[in-house]
>>> print(open('run38.txt').read())   # compact mmCIF, C-alpha atoms
# COMPACT_ATOMS: atom_id res chain seq x y z
CA MET A 10 -21.36 -30.66 34.55
CA LEU A 11 -20.29 -27.42 32.93
CA ASN A 12 -17.71 -26.66 30.24
CA ARG A 13 -17.83 -22.91 29.63
CA ILE A 14 -15.06 -20.54 28.52
CA THR A 15 -15.28 -16.75 28.27
CA LEU A 16 -12.33 -14.86 26.79
CA MET A 17 -11.44 -11.39 25.58
CA GLY A 18 -8.22 -10.86 23.71
CA ARG A 19 -6.54 -9.91 20.45
CA LEU A 20 -6.26 -12.07 17.37
CA THR A 21 -2.69 -13.20 16.78
CA ARG A 22 -3.38 -13.97 13.11
CA ASP A 23 -6.17 -13.64 10.57
CA PRO A 24 -8.65 -16.53 10.71
CA GLU A 25 -7.96 -19.32 8.24
CA LEU A 26 -11.16 -20.60 6.62
CA ARG A 27 -11.35 -24.15 5.25
CA HIS A 28 -14.13 -26.57 4.39
CA THR A 29 -14.46 -30.21 5.33
CA SER A 30 -14.71 -32.78 2.58
CA GLY A 31 -17.72 -35.01 2.12
CA ALA A 32 -21.27 -34.85 0.90
CA GLU A 33 -22.08 -31.77 3.00
CA PRO A 34 -18.90 -29.67 3.46
CA LYS A 35 -18.80 -27.60 6.64
CA ALA A 36 -16.89 -24.34 7.11
CA VAL A 37 -14.23 -24.30 9.84
CA ALA A 38 -12.04 -21.35 10.82
CA ASN A 39 -8.92 -21.47 12.99
CA PHE A 40 -7.21 -18.49 14.62
CA GLY A 41 -5.11 -17.58 17.60
CA LEU A 42 -6.07 -15.38 20.53
CA ALA A 43 -3.70 -13.60 22.94
CA VAL A 44 -5.28 -13.16 26.38
CA ASP A 45 -3.54 -11.25 29.18
CA ARG A 46 -3.67 -12.64 32.70
CA ASP A 47 -4.92 -10.43 35.55
CA TYR A 48 -1.52 -10.38 37.23
CA LYS A 49 2.13 -9.81 36.39
CA GLY A 50 5.00 -12.25 36.66
CA LYS A 51 7.88 -12.02 39.13
CA ASP A 52 9.77 -9.82 36.66
CA GLY A 53 6.91 -7.27 36.64
CA ASN A 54 5.83 -8.03 33.08
CA LYS A 55 2.29 -9.07 32.26
CA ILE A 56 1.76 -12.69 31.30
CA THR A 57 -0.09 -13.52 28.09
CA ASP A 58 -1.63 -16.85 27.14
CA PHE A 59 -1.80 -17.75 23.45
CA LEU A 60 -4.84 -19.91 22.70
CA ASP A 61 -6.04 -21.83 19.66
CA ILE A 62 -9.62 -21.01 18.68
CA VAL A 63 -11.92 -22.95 16.30
CA ALA A 64 -15.24 -21.81 14.85
CA TRP A 65 -17.60 -23.95 12.75
CA ARG A 66 -20.28 -23.31 10.11
CA LYS A 67 -21.79 -19.78 10.07
CA LYS A 68 -19.56 -18.62 12.92
CA ALA A 69 -16.52 -19.74 10.88
CA GLU A 70 -17.70 -17.74 7.87
CA PHE A 71 -18.39 -14.73 10.11
CA VAL A 72 -14.98 -14.68 11.81
CA SER A 73 -13.11 -15.26 8.56
CA LYS A 74 -14.91 -12.33 6.96
CA TYR A 75 -14.87 -9.78 9.81
CA PHE A 76 -12.13 -10.68 12.32
CA LYS A 77 -8.58 -9.51 11.55
CA LYS A 78 -5.18 -9.85 13.22
CA GLY A 79 -4.79 -7.43 16.15
CA GLN A 80 -8.54 -6.95 16.65
CA MET A 81 -9.99 -7.23 20.15
CA VAL A 82 -12.73 -9.88 20.32
CA TYR A 83 -14.91 -11.53 22.94
CA ILE A 84 -15.37 -15.30 22.66
CA GLU A 85 -17.75 -17.63 24.47
CA GLY A 86 -17.26 -21.32 24.01
CA ARG A 87 -16.09 -24.60 25.46
CA LEU A 88 -12.75 -26.25 26.03
CA GLN A 89 -11.95 -29.31 23.93
CA ARG A 90 -9.09 -31.75 24.53
CA ASP A 91 -7.71 -33.76 21.61
CA VAL A 92 -5.51 -36.82 22.09
CA TRP A 93 -3.56 -38.60 19.34
CA HIS A 94 -0.37 -40.57 18.72
CA ASP A 95 2.35 -39.12 16.50
CA LYS A 96 4.53 -40.98 13.97
CA GLU A 97 6.74 -42.33 16.77
CA ASN A 98 3.59 -43.53 18.60
CA ILE A 99 4.05 -40.92 21.35
CA LYS A 100 0.82 -39.75 22.94
CA ARG A 101 0.13 -36.06 22.24
CA VAL A 102 -2.50 -33.79 23.76
CA SER A 103 -3.75 -30.38 22.64
CA TYR A 104 -6.44 -28.03 23.89
CA LYS A 105 -8.54 -25.59 21.89
CA ILE A 106 -11.53 -23.35 22.42
CA MET A 107 -14.61 -24.19 20.36
CA VAL A 108 -16.58 -21.00 19.59
CA GLU A 109 -20.25 -20.86 20.55
CA ASN A 110 -20.64 -17.06 20.38
CA CYS A 111 -18.29 -14.35 19.17
CA TYR A 112 -18.42 -10.57 19.39
CA PHE A 113 -16.42 -7.52 18.39
CA ALA A 114 -14.86 -5.95 21.50
CA ASP A 115 -13.06 -2.93 19.99
CA SER A 116 -14.79 0.43 20.00
CA LYS A 117 -16.29 1.49 16.68
CA LYS A 118 -13.61 4.19 16.47
CA THR A 119 -10.86 1.59 16.78
CA GLN A 120 -12.55 -0.66 14.21
CA ASN A 121 -13.05 2.22 11.78
CA ASN A 122 -9.45 3.43 12.19
CA ALA A 123 -8.23 -0.08 11.46
CA GLN A 124 -10.24 0.05 8.22
CA GLY A 125 -8.88 3.47 7.25
CA SER A 126 -11.98 5.46 8.18
CA ASN A 127 -11.83 8.79 10.01
CA GLN A 128 -15.25 8.58 11.66
CA ASN A 129 -15.26 9.81 15.24
CA ASN A 130 -17.62 7.39 17.00
CA GLU A 131 -16.30 6.22 20.36
CA SER A 132 -19.18 3.97 21.46
CA ASN A 133 -18.33 0.46 22.62
CA ASP A 134 -21.14 -1.34 20.80
CA ILE A 135 -20.75 -5.10 20.73
CA LEU A 136 -21.99 -6.89 17.64
CA GLN A 137 -22.77 -10.58 17.81
CA SER A 138 -22.43 -12.73 14.71
CA ASP A 139 -26.11 -13.73 14.98
CA ASP A 140 -27.15 -10.04 14.77
CA LEU A 141 -25.95 -9.60 11.20
CA PRO A 142 -28.66 -9.39 8.51
CA PHE A 143 -27.26 -12.21 6.36
>>> encode(input="run38.txt", output="structure tokens")
Amino acid sequence: MLNRITLMGRLTRDPELRHTSGAEPKAVANFGLAVDRDYKGKDGNKITDFLDIVAWRKKAEFVSKYFKKGQMVYIEGRLQRDVWHDKENIKRVSYKIMVENCYFADSKKTQNNAQGSNQNNESNDILQSDDLPF
């Protein structure tokens, strides 16, 4: 069996970092991702899916530190389905993407402009969270 998701899209909000309670707290970051479909709707407008993304541990710390709203990112992960019953005992279902790998997908120029820099580097280098020196 295979559960593999690959997405590229823009963050709809800054990642929210929290920590679990317990003897060994774990970092968890939640954020939204807007991903355009490859086709347009009947009205001629492109269709965008808005997805919930979750990163754990070092990946959570990485995305909360470096990913910002509006930034283009590339996510590899798996789909997870959660089922629960609400206060009225109605069955609810939600889906989210659990991050396994995450990368910057904007060009360096776009990233630098977003940070207020005027550097003129247009390469499309992709930086993986595991490549950082810390």
>>> residues_near_point(input="run38.txt", point="(-17.1, -20.2, 24.1)", cutoff="7 Å", atoms="only C-alpha atoms", output="ChimeraX atom specification")
/A:13-15,84-87,106-110
>>> residues_around(input="run38.txt", residues="stretch 46-48 of chain A", least_positions_apart="6", cutoff="7 Å", atoms="all atoms listed in the file", output="count of residues only")
3
>>> closest_residue(input="run38.txt", among="A:Asp115, A:Asp52, A:Asp45, A:Asp91", to="A:Leu16", atoms="only C-alpha atoms")
A:Asp45
>>> closest_residue(input="run38.txt", among="A:Ala43, A:Ile62, A:Ala69, A:Asn12", to="A:Met81", atoms="all atoms listed in the file")
A:Ala43
>>> atom_distance(input="run38.txt", atom1="atom CA of A:Ala38", atom2="atom CA of A:Val82")
14.9 Å
>>> closest_residue(input="run38.txt", among="A:Gly79, A:Arg27, A:Val72, A:Arg90", to="A:Leu42", atoms="only C-alpha atoms")
A:Gly79
>>> atom_distance(input="run38.txt", atom1="atom CA of A:Lys105", atom2="atom CA of A:Ser30")
21.5 Å
>>> atom_distance(input="run38.txt", atom1="atom CA of A:Phe40", atom2="atom CA of A:Asn98")
27.6 Å
>>> residues_around(input="run38.txt", residues="A:Tyr75", least_positions_apart="3", cutoff="10 Å", atoms="only C-alpha atoms", output="ChimeraX atom specification")
/A:23-24,70-72,80,113,138
>>> closest_residue(input="run38.txt", among="A:Lys96, A:His28, A:Lys67, A:Lys78", to="A:Cys111", atoms="all atoms listed in the file")
A:Lys67
>>> closest_residue(input="run38.txt", among="A:Leu26, A:Tyr112, A:Lys74, A:Gly41", to="A:Phe59", atoms="all atoms listed in the file")
A:Gly41
